[in-house]
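Q: Handing you this structure, nothing more for now.
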Amino acid sequence: MFKHILLATDGSPACDQAARVAIGLARTHDAGLTAVYVIDPFPYLGMGQTNPMGFQAYISAAHSHAGRALARVAELCDDGGEPTPLETRIVEEATAAHGIAQTAHDEGADLIVMASHGHGALRKIVLGSVTTRVLAEATVPVLVVR
């Protein structure tokens, strides 16, 4: 049914569960699996001069975190039987939602798997939700794992 699954990760514990679901689906359907981490420069740019870290330090720290998040997905791919082949992508200079949706399109994914972090209603109204934005922008089905 699925030929290529895109897993969106931010390295959070909630993403571990989404990774397990994506890996299980990839194994069941003998599908390709790509994990993506989006480095969004806009939080830094929104802080302007008040941030004690320079932009390059911010990007460096984000790349380090992305590496750890993608390594965690790779560990999960090696757990529980036969290893699942994994491709990884780091996307820069895009909002998280746009980076996820665009990567799904570019990679030819036919399913996006991502975690729902279950933030409260007020925070969701004020900040929006990456998941909600991906659902609106993606051209392929999105499986949201709670």
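Residues in the structure tokens are named by chain (A, B, ... in the order shown) and by number from 1 within that chain; ligands are numbered from 1 in the order shown.
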Residues within 8 Å of range 66-81 of chain A, please, as a list in words. Count only C-alpha atoms; anything in the same chain fewer than 4 positions from it doesn't count.
A: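 Residues near the query, excluding close chain neighbours: Thr9, Asp10, Gly11, Ser12, Asp16, Ala19, Arg20, Ile23, Ala35, Val36, Tyr37, Val38, Ile39, Ala62, Pro85, Leu86, Thr88 and Ile90 of chain A.
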Q: Leaving out range 109-119 of chain A and any residue of its chain fewer than 2 positions from it, which residues lie within 7 Å of it when counting only C-alpha atoms, given as a list in words?
A: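 In the requested form, the answer reads Phe2, Lys3, His4, Ile5, Leu6, Leu7, Ala8, Thr9, Ala14, Cys15, Ala18, Ala22, Ala104, His105, Glu107, Ala121, Arg123, Lys124, Thr131, Val140, Pro141, Val142, Leu143, Val144, Val145 and Arg146 of chain A.
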Q: Among chain A, which residues does DSSP mark as strand (DSSP E or B) when it is run on the backbone? Keep the chain and numbering as in the structure and answer as a ChimeraX atom specification.
A: /A:4-8,32-39,87-92,111-115,142-145
Q: What is the distance, in Å and to one decimal place, between CA of Glu137 in chain A and CA of Gln56 in chain A?
A: 29.3 Å
Q: Report, in Å to a single decimal, how far apart CA of Phe55 in chain A and CA of Pro41 in chain A are.
A: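 CA of Phe55 in chain A lies at a distance of 8.6 Å from CA of Pro41 in chain A.
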